[in-house]
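Participant: Contents are compact mmCIF, C-alpha atoms; file name input.txt:
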```
# COMPACT_ATOMS: atom_id res chain seq x y z
CA MET A 921 -34.47 -100.50 -0.78
CA ARG A 922 -33.88 -96.77 -0.13
CA THR A 923 -36.45 -94.76 1.69
CA GLY A 924 -37.13 -91.05 1.96
CA PHE A 925 -35.84 -91.28 5.48
CA HIS A 926 -32.65 -92.88 4.25
CA ASP A 927 -32.16 -90.10 1.62
CA ARG A 928 -32.74 -87.39 4.18
CA ALA A 929 -30.37 -89.08 6.55
CA LEU A 930 -27.70 -89.04 3.90
CA GLY A 931 -28.42 -85.36 2.99
CA ARG A 932 -29.71 -86.16 -0.45
CA PRO A 933 -32.70 -84.17 -1.82
CA ARG A 934 -35.65 -86.05 -3.00
CA LYS A 935 -36.60 -85.98 -6.67
CA GLY A 936 -39.26 -83.32 -6.21
CA GLU A 937 -36.87 -81.11 -4.30
CA ARG A 938 -34.18 -81.51 -6.97
CA GLY A 939 -36.62 -80.23 -9.59
CA SER A 940 -37.53 -77.21 -7.47
CA VAL A 941 -33.87 -76.22 -7.04
CA LEU A 942 -33.31 -76.50 -10.79
CA VAL A 943 -36.30 -74.32 -11.51
CA MET A 944 -35.13 -71.76 -8.94
CA ALA A 945 -31.65 -71.70 -10.46
CA VAL A 946 -33.05 -71.15 -13.92
CA VAL A 947 -35.24 -68.29 -12.64
CA LEU A 948 -32.30 -66.68 -10.85
CA LEU A 949 -30.13 -67.05 -13.92
CA GLY A 950 -32.83 -65.48 -16.07
CA ALA A 951 -33.24 -62.58 -13.65
CA LEU A 952 -29.50 -62.08 -13.63
CA MET A 953 -29.44 -62.03 -17.42
CA VAL A 954 -32.27 -59.47 -17.45
CA LEU A 955 -30.42 -57.28 -14.93
CA THR A 956 -27.20 -57.61 -16.91
CA ALA A 957 -28.98 -56.61 -20.12
CA SER A 958 -30.63 -53.69 -18.32
CA PHE A 959 -27.32 -52.46 -16.91
CA LEU A 960 -25.71 -52.93 -20.31
CA ARG A 961 -28.49 -50.92 -21.97
CA LEU A 962 -28.23 -48.26 -19.24
CA GLY A 963 -24.47 -48.06 -19.78
CA VAL A 964 -24.94 -47.74 -23.52
CA ASN A 965 -27.54 -45.01 -23.03
CA LEU A 966 -25.34 -43.17 -20.54
CA SER A 967 -22.43 -43.43 -22.96
CA ARG A 968 -24.59 -42.10 -25.77
CA GLU A 969 -25.84 -39.26 -23.57
CA HIS A 970 -22.27 -38.46 -22.55
CA ASN A 971 -21.11 -38.46 -26.16
CA SER A 972 -24.11 -36.33 -27.12
CA ASP A 973 -23.28 -33.84 -24.36
CA VAL A 974 -19.67 -33.72 -25.53
CA ASP A 975 -20.79 -33.16 -29.12
CA ASP A 976 -23.20 -30.42 -28.00
CA SER A 977 -20.39 -28.72 -26.09
CA ARG A 978 -18.16 -28.89 -29.14
CA ALA A 979 -20.94 -27.48 -31.32
CA PHE A 980 -21.45 -24.66 -28.82
CA CYS A 981 -17.74 -23.77 -28.94
CA ILE A 982 -17.87 -23.78 -32.75
CA ALA A 983 -20.96 -21.53 -32.70
CA GLU A 984 -19.09 -19.04 -30.52
CA ALA A 985 -16.13 -19.27 -32.88
CA GLY A 986 -18.57 -18.41 -35.67
CA VAL A 987 -19.46 -15.18 -33.85
CA ALA A 988 -15.76 -14.38 -33.63
CA GLU A 989 -15.33 -15.02 -37.37
CA ALA A 990 -18.34 -12.81 -38.17
CA SER A 991 -16.88 -10.06 -36.00
CA ALA A 992 -13.58 -10.31 -37.86
CA ALA A 993 -15.53 -10.06 -41.13
CA ILE A 994 -17.24 -6.83 -39.98
CA LEU A 995 -13.91 -5.34 -38.90
CA SER A 996 -12.53 -6.10 -42.35
CA GLY A 997 -15.38 -4.19 -43.98
CA ARG A 998 -17.57 -7.21 -44.89
CA SER A 999 -21.22 -7.80 -44.05
CA GLY A 1000 -20.51 -10.23 -41.22
CA ASN A 1001 -22.19 -13.21 -42.92
CA VAL A 1002 -20.15 -16.40 -42.80
CA GLY A 1003 -21.25 -19.21 -45.10
CA SER A 1004 -24.95 -20.13 -45.12
CA GLN A 1005 -27.16 -23.07 -44.19
CA ALA A 1006 -27.06 -24.19 -47.83
CA VAL A 1007 -23.28 -23.86 -48.00
CA PRO A 1008 -21.88 -23.73 -44.45
CA ALA A 1009 -18.26 -23.17 -43.52
CA ARG A 1010 -15.87 -25.69 -42.02
CA PHE A 1011 -14.41 -25.06 -38.55
CA ALA A 1012 -12.34 -27.64 -36.64
CA ASN A 1013 -14.29 -30.93 -36.82
CA GLY A 1014 -17.66 -29.25 -37.32
CA ILE A 1015 -19.52 -26.85 -39.60
CA VAL A 1016 -20.93 -23.39 -38.94
CA TRP A 1017 -22.78 -20.53 -40.60
CA VAL A 1018 -23.56 -17.01 -39.35
CA VAL A 1019 -26.38 -14.70 -40.44
CA ALA A 1020 -25.51 -11.03 -39.81
CA THR A 1021 -28.14 -8.30 -39.61
CA ASP A 1022 -27.25 -4.60 -39.65
CA LEU A 1023 -29.47 -3.08 -36.93
CA GLY A 1024 -28.35 0.49 -37.64
CA GLY A 1025 -26.48 2.78 -35.28
CA SER A 1026 -23.33 0.66 -35.79
CA ASP A 1027 -25.05 -2.35 -34.15
CA PHE A 1028 -24.97 -5.83 -35.73
CA GLN A 1029 -26.89 -8.98 -34.79
CA LEU A 1030 -24.95 -12.19 -35.36
CA ASP A 1031 -26.85 -15.51 -35.34
CA SER A 1032 -24.42 -18.42 -35.40
CA THR A 1033 -25.43 -22.07 -35.84
CA ALA A 1034 -22.99 -24.97 -35.54
CA LEU A 1035 -23.13 -28.77 -35.98
CA CYS A 1036 -20.52 -31.20 -34.73
CA ASP A 1037 -21.13 -34.93 -35.10
CA SER A 1038 -24.41 -35.36 -33.15
CA GLY A 1039 -24.02 -31.96 -31.44
CA ARG A 1040 -26.18 -28.94 -32.27
CA ALA A 1041 -25.89 -25.35 -30.96
CA ALA A 1042 -26.97 -21.82 -31.86
CA VAL A 1043 -26.07 -18.47 -30.27
CA ARG A 1044 -26.92 -14.82 -30.90
CA ALA A 1045 -24.65 -11.87 -30.21
CA VAL A 1046 -25.37 -8.17 -30.71
CA VAL A 1047 -22.17 -6.18 -31.18
CA HIS A 1048 -21.55 -2.45 -31.48
CA GLN A 1049 -18.92 -1.07 -33.82
CA GLU A 1050 -16.68 1.54 -32.18
CA PHE A 1051 -14.11 3.75 -33.81
CA ASN A 1052 -10.86 4.41 -31.95
CA VAL A 1053 -7.81 6.45 -32.84
CA GLU A 1054 -4.50 6.11 -31.08
CA TYR A 1055 -2.69 9.42 -30.73
CA THR A 1056 0.94 8.50 -30.13
CA GLN A 1057 2.10 11.65 -31.89
CA GLY A 1058 1.30 15.31 -31.39
CA VAL A 1059 0.91 15.64 -35.17
CA THR A 1060 0.30 12.83 -37.69
CA SER A 1061 -0.08 13.45 -41.43
CA ASP A 1062 -0.80 11.01 -44.22
CA LEU A 1063 0.69 13.31 -46.87
CA PRO A 1064 4.03 15.12 -46.46
CA LEU A 1065 3.97 17.25 -43.31
CA VAL A 1066 4.61 20.95 -43.98
CA VAL A 1067 5.82 22.91 -40.95
CA GLY A 1068 5.98 26.72 -41.01
CA SER A 1069 8.81 28.68 -39.41
CA ASN A 1070 9.11 29.20 -35.67
CA PHE A 1071 6.88 26.21 -34.81
CA MET A 1072 7.35 24.59 -31.40
CA ILE A 1073 5.96 21.35 -29.93
CA ASP A 1074 6.54 19.75 -26.53
CA SER A 1075 4.42 17.58 -24.19
CA TYR A 1076 2.90 17.47 -20.73
CA ASP A 1077 1.03 15.12 -18.38
CA PRO A 1078 -2.43 16.47 -17.41
CA ALA A 1079 -2.44 14.24 -14.32
CA LYS A 1080 0.08 16.71 -12.86
CA GLY A 1081 -2.10 19.73 -13.59
CA SER A 1082 -2.59 22.10 -16.49
CA TYR A 1083 0.22 22.89 -18.87
CA ALA A 1084 0.51 26.42 -17.52
CA SER A 1085 0.76 25.24 -13.90
CA GLN A 1086 3.54 22.70 -14.44
CA PRO A 1087 7.21 23.58 -13.86
CA LYS A 1088 9.15 24.38 -17.01
CA GLN A 1089 12.68 23.40 -17.94
CA LYS A 1090 15.33 24.38 -20.46
CA LEU A 1091 17.19 21.58 -22.18
CA PRO A 1092 20.97 22.09 -22.43
CA GLY A 1093 21.77 24.25 -25.42
CA HIS A 1094 18.14 25.37 -25.97
CA ASN A 1095 16.22 28.43 -24.87
CA ASP A 1096 12.57 27.28 -24.78
CA LEU A 1097 10.86 26.74 -21.46
CA ILE A 1098 9.13 23.40 -21.94
CA VAL A 1099 7.46 20.70 -19.84
CA GLY A 1100 8.13 17.34 -21.55
CA THR A 1101 9.98 15.93 -24.54
CA LYS A 1102 7.31 13.60 -26.03
CA GLY A 1103 6.14 16.14 -28.60
CA ASN A 1104 6.49 13.71 -31.49
CA ILE A 1105 5.44 14.41 -35.08
CA LYS A 1106 4.99 11.85 -37.85
CA SER A 1107 4.16 11.60 -41.56
CA ASN A 1108 3.60 8.82 -44.06
CA GLY A 1109 5.72 10.94 -46.41
CA ASP A 1110 8.43 13.54 -45.91
CA ILE A 1111 8.59 16.07 -43.09
CA LEU A 1112 9.53 19.56 -44.23
CA LEU A 1113 10.82 21.77 -41.41
CA SER A 1114 11.45 25.51 -41.68
CA THR A 1115 13.60 28.13 -39.96
CA ASN A 1116 13.61 28.04 -36.16
CA ASP A 1117 11.34 24.99 -35.82
CA ARG A 1118 11.83 23.24 -32.49
CA ILE A 1119 10.65 19.67 -32.10
CA TYR A 1120 11.00 18.46 -28.51
CA GLY A 1121 10.46 14.83 -29.40
CA ASP A 1122 10.77 12.57 -32.46
CA ALA A 1123 10.15 13.50 -36.10
CA ASN A 1124 9.51 10.25 -37.99
CA PRO A 1125 8.86 10.35 -41.75
CA GLY A 1126 7.24 7.50 -43.66
CA PRO A 1127 9.09 4.46 -45.00
CA GLY A 1128 11.83 5.60 -47.39
CA SER A 1129 11.11 9.30 -46.67
CA THR A 1130 13.22 11.95 -44.98
CA VAL A 1131 13.18 14.97 -42.65
CA SER A 1132 14.50 18.10 -44.29
CA GLY A 1133 15.42 21.54 -42.93
CA ILE A 1134 17.35 20.54 -39.81
CA GLY A 1135 20.24 22.88 -39.04
CA GLY A 1136 20.96 26.20 -37.36
CA ASN A 1137 18.04 26.98 -35.05
CA THR A 1138 15.94 24.12 -36.45
CA PHE A 1139 16.29 20.89 -34.46
CA VAL A 1140 14.70 17.63 -33.37
CA THR A 1141 15.67 16.40 -29.89
CA GLY A 1142 14.56 12.82 -30.59
CA THR A 1143 14.98 10.48 -33.55
CA THR A 1144 14.35 11.14 -37.24
CA THR A 1145 14.31 7.46 -38.22
CA PRO A 1146 11.76 6.60 -40.93
CA ALA A 1147 8.83 4.48 -39.78
CA ASN A 1148 8.81 0.78 -40.70
CA ARG A 1149 5.26 0.99 -42.02
CA LYS A 1150 2.68 3.62 -42.81
CA THR A 1151 0.02 4.75 -40.38
CA ALA A 1152 -3.57 3.80 -41.26
CA PHE A 1153 -6.17 6.55 -41.75
CA PRO A 1154 -9.57 4.79 -41.82
CA ALA A 1155 -12.78 6.72 -42.38
CA VAL A 1156 -14.63 8.20 -39.43
CA VAL A 1157 -17.60 6.13 -38.26
CA VAL A 1158 -20.33 8.73 -37.73
CA PRO A 1159 -23.08 7.80 -35.25
CA VAL A 1160 -26.52 7.35 -36.81
CA LEU A 1161 -28.84 9.80 -35.04
CA PRO A 1162 -32.21 11.24 -36.09
CA SER A 1163 -31.89 14.77 -37.45
CA LEU A 1164 -33.22 17.61 -35.33
CA GLY A 1165 -33.13 19.97 -38.31
CA THR A 1166 -31.34 23.30 -38.18
CA LYS A 1167 -30.11 25.24 -35.15
CA THR A 1168 -29.35 28.96 -35.06
CA VAL A 1169 -27.83 30.54 -31.96
CA LYS A 1170 -28.29 34.27 -31.39
CA LYS A 1171 -26.67 36.57 -28.87
CA SER A 1172 -30.10 37.45 -27.46
CA ASP A 1173 -31.12 33.82 -26.91
CA SER A 1174 -31.59 32.50 -23.39
CA LEU A 1175 -28.81 30.51 -21.75
CA PHE A 1176 -30.89 27.36 -22.25
CA ALA A 1177 -31.19 28.01 -26.00
CA ARG A 1178 -27.44 28.63 -26.23
CA THR A 1179 -26.52 25.38 -24.47
CA LEU A 1180 -26.48 21.77 -25.63
CA SER A 1181 -26.75 19.85 -22.39
CA ALA A 1182 -25.62 16.24 -22.01
CA GLY A 1183 -27.13 14.00 -24.69
CA SER A 1184 -27.01 13.09 -28.39
CA TYR A 1185 -27.77 15.57 -31.18
CA HIS A 1186 -27.80 15.64 -34.97
CA PHE A 1187 -28.29 18.95 -36.79
CA SER A 1188 -28.42 19.43 -40.55
CA SER A 1189 -26.81 22.82 -39.91
CA VAL A 1190 -25.65 24.94 -37.00
CA THR A 1191 -25.20 28.71 -37.26
CA ILE A 1192 -23.60 30.73 -34.47
CA GLY A 1193 -24.54 34.37 -34.95
CA ASN A 1194 -22.56 37.59 -34.34
CA GLN A 1195 -21.28 37.78 -30.75
CA ALA A 1196 -23.31 34.66 -29.88
CA SER A 1197 -22.00 31.82 -27.78
CA LEU A 1198 -22.77 28.08 -28.07
CA THR A 1199 -21.81 25.76 -25.22
CA VAL A 1200 -21.71 21.96 -25.48
CA GLN A 1201 -21.79 20.09 -22.17
CA GLY A 1202 -20.66 16.51 -21.78
CA PRO A 1203 -21.26 13.71 -21.90
CA ALA A 1204 -22.46 14.49 -25.41
CA THR A 1205 -22.35 13.24 -28.99
CA VAL A 1206 -23.04 15.93 -31.59
CA VAL A 1207 -23.28 15.42 -35.36
CA ILE A 1208 -23.21 18.62 -37.44
CA ASP A 1209 -23.66 18.40 -41.21
CA SER A 1210 -22.76 22.07 -41.79
CA LEU A 1211 -21.28 24.69 -39.43
CA THR A 1212 -21.40 28.43 -40.04
CA THR A 1213 -19.83 30.91 -37.62
CA ASN A 1214 -19.93 34.71 -37.54
CA SER A 1215 -17.82 37.58 -36.26
CA GLY A 1216 -17.04 37.56 -32.55
CA CYS A 1217 -18.91 34.32 -31.79
CA ASN A 1218 -17.80 31.65 -29.32
CA LEU A 1219 -17.80 27.86 -29.27
CA ASN A 1220 -17.26 26.45 -25.78
CA ILE A 1221 -16.89 22.73 -25.07
CA ASP A 1222 -17.27 21.69 -21.45
CA ALA A 1223 -16.32 18.07 -20.81
CA THR A 1224 -16.01 18.28 -17.03
CA GLY A 1225 -19.19 16.18 -16.71
CA GLY A 1226 -18.21 13.62 -19.36
CA PRO A 1227 -16.60 13.23 -22.81
CA VAL A 1228 -17.72 15.29 -25.80
CA ASN A 1229 -17.46 13.95 -29.38
CA VAL A 1230 -18.34 16.32 -32.21
CA TYR A 1231 -18.65 14.97 -35.77
CA PHE A 1232 -18.51 17.44 -38.68
CA THR A 1233 -19.81 15.69 -41.80
CA GLY A 1234 -19.76 18.60 -44.26
CA PRO A 1235 -18.47 22.16 -44.72
CA THR A 1236 -17.12 23.67 -41.52
CA ASN A 1237 -16.42 27.37 -41.21
CA PHE A 1238 -14.39 28.79 -38.35
CA VAL A 1239 -14.10 32.58 -38.80
CA SER A 1240 -10.79 34.05 -37.75
CA ASN A 1241 -12.21 36.40 -35.11
CA MET A 1242 -14.23 33.82 -33.21
CA THR A 1243 -13.07 32.08 -30.03
CA VAL A 1244 -12.91 28.36 -29.36
CA THR A 1245 -12.30 27.12 -25.83
CA SER A 1246 -12.59 23.79 -24.02
CA THR A 1247 -12.59 22.52 -20.47
CA ALA A 1248 -11.74 18.89 -19.75
CA PRO A 1249 -9.65 16.65 -17.47
CA SER A 1250 -7.48 15.76 -20.47
CA ALA A 1251 -7.47 15.77 -24.26
CA LYS A 1252 -9.03 12.29 -24.21
CA SER A 1253 -12.33 13.88 -23.15
CA ILE A 1254 -12.85 16.05 -26.26
CA SER A 1255 -12.66 14.80 -29.86
CA LEU A 1256 -13.42 16.73 -33.04
CA PHE A 1257 -13.96 14.42 -36.04
CA PHE A 1258 -14.09 15.74 -39.61
CA ALA A 1259 -15.69 13.10 -41.83
CA SER A 1260 -15.66 14.92 -45.20
CA ASP A 1261 -12.79 15.95 -47.47
CA ASP A 1262 -13.64 19.66 -47.13
CA PRO A 1263 -10.55 21.66 -46.05
CA VAL A 1264 -10.44 22.58 -42.37
CA ALA A 1265 -8.91 25.95 -41.49
CA LEU A 1266 -8.28 26.37 -37.77
CA ASN A 1267 -8.01 30.16 -37.84
CA PRO A 1268 -9.81 31.37 -34.69
CA ASN A 1269 -8.31 32.39 -31.41
CA ALA A 1270 -8.43 29.03 -29.71
CA THR A 1271 -7.28 27.20 -26.64
CA LEU A 1272 -8.43 23.69 -27.44
CA LEU A 1273 -7.80 20.89 -25.00
CA GLY A 1274 -8.71 17.92 -27.19
CA THR A 1275 -7.96 15.93 -30.34
CA ILE A 1276 -8.66 16.56 -34.02
CA TYR A 1277 -9.06 13.74 -36.55
CA ALA A 1278 -9.63 14.40 -40.28
CA PRO A 1279 -8.53 11.34 -42.31
CA THR A 1280 -9.59 12.71 -45.72
CA ALA A 1281 -9.08 16.45 -45.26
CA THR A 1282 -6.30 19.02 -45.14
CA VAL A 1283 -6.10 20.74 -41.77
CA THR A 1284 -4.36 24.12 -41.61
CA VAL A 1285 -3.40 25.27 -38.12
CA SER A 1286 -2.93 29.02 -37.67
CA SER A 1287 -0.69 30.70 -35.11
CA ASN A 1288 -3.82 31.72 -33.19
CA TRP A 1289 -4.83 28.12 -32.53
CA ALA A 1290 -3.13 26.68 -29.41
CA ASN A 1291 -3.79 22.96 -29.19
CA PHE A 1292 -3.26 20.91 -26.04
CA GLY A 1293 -3.73 17.42 -27.42
CA ALA A 1294 -3.07 16.01 -30.89
CA ILE A 1295 -3.91 16.53 -34.57
CA THR A 1296 -4.21 13.70 -37.13
CA ALA A 1297 -5.22 14.40 -40.73
CA LYS A 1298 -4.66 13.45 -44.34
CA ALA A 1299 -2.55 16.59 -44.66
CA VAL A 1300 -1.46 18.90 -41.84
CA VAL A 1301 -0.13 22.39 -42.55
CA LEU A 1302 1.35 24.07 -39.49
CA SER A 1303 1.53 27.83 -39.91
CA SER A 1304 4.44 29.94 -38.72
CA ASN A 1305 4.53 30.68 -34.97
CA SER A 1306 1.98 27.97 -34.13
CA ARG A 1307 2.28 25.96 -30.92
CA LEU A 1308 1.22 22.48 -29.92
CA HIS A 1309 1.51 20.73 -26.58
CA PHE A 1310 1.01 16.97 -26.80
CA ASP A 1311 -1.14 15.48 -24.04
CA GLU A 1312 0.77 12.41 -22.83
CA SER A 1313 -2.40 10.78 -21.45
CA LEU A 1314 -3.35 10.06 -25.08
CA LEU A 1315 -0.66 7.39 -25.13
CA THR A 1316 -3.09 5.11 -23.27
CA GLN A 1317 -5.70 5.24 -26.08
CA GLY A 1318 -6.56 2.31 -28.38
CA ARG A 1319 -4.81 1.09 -31.53
CA GLN A 1320 -4.26 3.59 -34.37
CA GLY A 1321 -7.28 3.87 -36.61
CA ALA A 1322 -8.87 0.77 -35.11
CA THR A 1323 -12.51 -0.11 -35.45
CA THR A 1324 -13.43 -2.37 -32.55
CA LEU A 1325 -16.57 -4.29 -31.59
CA ALA A 1326 -18.14 -4.15 -28.14
CA LEU A 1327 -20.54 -6.90 -27.05
CA ARG A 1328 -24.00 -5.55 -26.18
CA GLU A 1329 -26.10 -8.75 -25.88
CA TRP A 1330 -25.54 -12.52 -25.89
CA GLN A 1331 -27.96 -15.45 -25.69
CA ARG A 1332 -28.41 -19.06 -26.72
CA LEU A 1333 -30.94 -19.73 -29.45
CA PRO A 1334 -33.14 -22.81 -30.01
CA VAL A 1335 -31.83 -25.06 -32.74
CA PRO A 1336 -34.36 -25.89 -35.48
CA ALA A 1337 -36.36 -29.01 -34.59
CA SER A 1338 -35.38 -30.73 -37.84
CA MET A 1339 -31.75 -30.65 -36.74
CA ILE A 1340 -32.39 -31.59 -33.10
CA HIS A 1341 -34.48 -34.63 -33.96
CA SER A 1342 -32.05 -35.87 -36.57
CA ARG A 1343 -28.64 -36.43 -35.00
CA VAL A 1344 -27.05 -37.89 -38.12
CA ASP A 1345 -23.77 -36.71 -39.59
CA PRO A 1346 -24.00 -32.94 -40.28
CA TYR A 1347 -22.82 -33.29 -43.86
CA LYS A 1348 -25.49 -35.91 -44.54
CA LEU A 1349 -28.11 -33.80 -42.75
CA LEU A 1350 -27.43 -30.71 -44.89
CA GLY A 1351 -26.63 -32.61 -48.06
CA VAL A 1352 -23.14 -31.15 -48.60
CA ALA A 1353 -19.94 -32.89 -49.58
CA ARG A 1354 -17.36 -33.10 -46.82
CA GLY A 1355 -14.47 -31.78 -48.92
CA SER A 1356 -16.40 -29.02 -50.68
CA LEU A 1357 -16.62 -26.47 -47.85
CA GLN A 1358 -14.38 -23.48 -47.23
CA ASN A 1359 -12.74 -22.74 -43.91
CA SER A 1360 -14.75 -20.23 -41.91
CA SER A 1361 -12.00 -17.60 -42.30
CA ASP A 1362 -12.42 -17.81 -46.09
CA ALA A 1363 -16.24 -17.86 -46.15
CA TYR A 1364 -16.89 -14.15 -45.46
CA HIS A 1365 -19.33 -12.44 -47.79
```
Just give me the structure as structure tokens.

Facilitator:
Amino acid sequence: MRTGFHDRALGRPRKGERGSVLVMAVVLLGALMVLTASFLRLGVNLSREHNSDVDDSRAFCIAEAGVAEASAAILSGRSGNVGSQAVPARFANGIVWVVATDLGGSDFQLDSTALCDSGRAAVRAVVHQEFNVEYTQGVTSDLPLVVGSNFMIDSYDPAKGSYASQPKQKLPGHNDLIVGTKGNIKSNGDILLSTNDRIYGDANPGPGSTVSGIGGNTFVTGTTTPANRKTAFPAVVVPVLPSLGTKTVKKSDSLFARTLSAGSYHFSSVTIGNQASLTVQGPATVVIDSLTTNSGCNLNIDATGGPVNVYFTGPTNFVSNMTVTSTAPSAKSISLFFASDDPVALNPNATLLGTIYAPTATVTVSSNWANFGAITAKAVVLSSNSRLHFDESLLTQGRQGATTLALREWQRLPVPASMIHSRVDPYKLLGVARGSLQNSSDAYH
């Protein structure tokens, strides 16, 4: 007969002990199963969170792409809206819509919302529309360019000093004392030269057009190859400023009354009286709906303190016996924009260091108007004996006739709670068919 002593001596557990070990093993196994399930659930949750973060990041990228699409829409002349919440647009593997709001003053607010799988994101950008003109030519005309006799154009670099201070040279076989040979002229049509015209640069007509009149004392030192495509002449974007009413400048006015100091101005009309002088100091933006000048008056533009942009939106009268002068580091600092189709006659005695842009008007340049810069217009008529010196620093300006957008503000927006709390498939969430949506680039309106 076995005894407890005998079992212990042989290393065998007693019956009660064997039951305790079994219970302990079951408990440990159960705890292990609970831990395993917990770790499994934690892993699943972490995986879901990771996937959700990835989807949110993708949605955020798509929302930013929506802002880019809305910006492209504005630059193409559309409202900036892309799709809608009811009918969103398709982008990559997600959907997006953008609500554009015109804030005035060439500012636009773009609210972009994007969904991608379980991801949700919304961003807001405020962009400002800017108008830029590239002046790669001394003269650019949309219509055929008519050049009077004895016209001369050359170029100079203002970084080396004023035109007058720079050393002059004579090209072999020519008699003019000039500075540089980048005095290019261009037209979207023909270029009609006259007797004794001297072009120290290129003369490029439009596609399929020609340069006529070369021979004898009339020459072009560069190429006369027609352009491959026409130059764009978009409308001027006039700043939206509150009107200050009318302004009349008299000779007897104080210096303060005869000066527009740095700032922004909009006048329904400006009249410069007999022998009076009006000075505009930069940095300044001036919008003038109607300009009237009188005998012996002066218009002085001083851009030494910053750029000056003057926008003429209506009739502009420069009397022949007035004087126009400008002071600036280069022609990039002074820009005269003519936004209407009223003819512009540059008759006064002038030494203008700056640029002139009139995309819908005919600009006639008299022999009294010496321009150190560039002239771009629908039609340019260069009178006999006129002179133009192209400012080579203009070659660093932006793209011809480009309207660009500058970012003013950017922020993330909260996504509507109904979309955050429901992370189902975006198409199911919005109730749209997967194959029914347009690409974002086709959903402008």

Participant: With all atoms listed in the file as the basis for distance, which of A:Thr1144, A:His1309, A:Ser991, A:Ser1082 is at the shortest distance from Thr1247 of chain A?

Facilitator: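 Of the candidates, the smallest distance to Thr1247 of chain A is held by A:Ser1082.
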
Participant: Take the point (-19.7, 14.2, -23.7) in the file's coordinates, draw a sphere of radius 10 Å around it, and report as a list in words every protein, DNA or RNA residue with an atom inside or on it, counting all atoms listed in the file.

Facilitator: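 Nearby residues: Ser1181, Ala1182, Gly1183, Ser1184, Val1200, Gln1201, Gly1202, Pro1203, Ala1204, Thr1205, Val1206, Ile1221, Asp1222, Ala1223, Thr1224, Gly1225, Gly1226, Pro1227, Val1228, Asn1229, Val1230, Ser1253, Ile1254 and Ser1255 of chain A.
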
Participant: Considering all atoms listed in the file, can you say which of A:Asn1241, A:Thr1143, A:Ser1210, A:Ser1287 comes closest to Ile1105 of chain A?

Facilitator: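 Closest candidate: A:Thr1143.
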
Participant: Nearest residue to Ser1306 of chain A out of A:Leu1219, A:Ala1152, A:Leu1357, A:Val1285, using only C-alpha atoms?

Facilitator: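 Ranking A:Leu1219, A:Ala1152, A:Leu1357, A:Val1285 by distance to Ser1306 of chain A, first place goes to A:Val1285.
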
Participant: Which value, in Å to one decimal, gives the distance between atom CA of Pro1334 of chain A and atom CA of Ala992 of chain A?

Facilitator: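 Value for the atom CA of Pro1334 of chain A-atom CA of Ala992 of chain A distance: 24.5 Å.
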
Participant: Closest to Asn1104 of chain A among A:Ile1295, A:Val1066, A:Met1339, A:Leu1164, using only C-alpha atoms?

Facilitator: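 The shortest atom-to-atom distance to Asn1104 of chain A comes from A:Ile1295.
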
Participant: Rank A:Thr1033, A:Asn1291, A:Ser1304, A:Asn1001 by their smallest atom-to-atom distance to Ala1020 of chain A, using only C-alpha atoms, and report the top residue only.

Facilitator: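 Looking only at the distances to Ala1020 of chain A, the closest residue turns out to be A:Asn1001.
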
Participant: Quick one: residues within 8 Å of Ala1299 of chain A, only C-alpha atoms counted, chain neighbours fewer than 2 positions away excluded, as a list of chain:residue names?

Facilitator: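 The contact residues come out as A:Ser1061, A:Asp1062, A:Leu1063, A:Pro1064, A:Leu1065, A:Ala1281, A:Thr1282, A:Val1283, A:Ala1297, A:Val1301.
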
Participant: Kindly indicate which residue among A:Leu1035, A:Ala1084, A:Ala1079, A:Leu1161 lies nearest to Val1335 of chain A, using all atoms listed in the file for the distances.

Facilitator: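 Smallest separation from Val1335 of chain A among the options: A:Leu1035.
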
Participant: Using all atoms listed in the file, determine which residues lie at most 9 Å from Val1002 of chain A, disregarding the query and same-chain residues fewer than 6 positions distant; provide the list as a list in words.

Facilitator: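 Here the answer would be Gly986, Glu989, Ala990, Ala993, Pro1008, Ala1009, Val1016, Trp1017, Val1018, Val1019, Ala1020, Ser1032, Ser1360, Ser1361, Asp1362, Ala1363, Tyr1364 and His1365 of chain A.
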
Participant: When you draw a straight line from atom CA of Gly1293 of chain A to atom CA of Leu1273 of chain A, how long is it in Å?

Facilitator: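 One can read the atom CA of Gly1293 of chain A to atom CA of Leu1273 of chain A distance as 5.9 Å.
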
Participant: Check which residues of segment 1084-1163 of chain A sit at most 8 Å from segment 1256-1272 of chain A using all atoms listed in the file, and return one row each with the closest pair of atoms and their distance in Å to one decimal, ordered by chain and rising number, as a Markdown table.

Facilitator:
```
| residue | atom | partner | partner_atom | distance |
| --- | --- | --- | --- | --- |
| A:Ala1155 | CA | A:Ala1259 | CA | 7.0 |
| A:Val1156 | CA | A:Ala1259 | CA | 5.6 |
| A:Val1158 | CA | A:Ala1259 | CA | 7.6 |
```

Participant: Atom CA of Phe1232 of chain A and atom CA of Leu1113 of chain A, how far apart in Å?

Facilitator: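 Computing the Euclidean distance for atom CA of Leu1113 of chain A and atom CA of Phe1232 of chain A yields 29.8 Å.
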
Participant: As JSON, what would the box around segment 1062-1071 of chain A look like: edges along x, y and z, 4 Å added on every side, centre and edge lengths in Å to one decimal?

Facilitator:
```
{"center_x": 4.2, "center_y": 20.1, "center_z": -40.8, "size_x": 17.9, "size_y": 26.2, "size_z": 20.1}
```
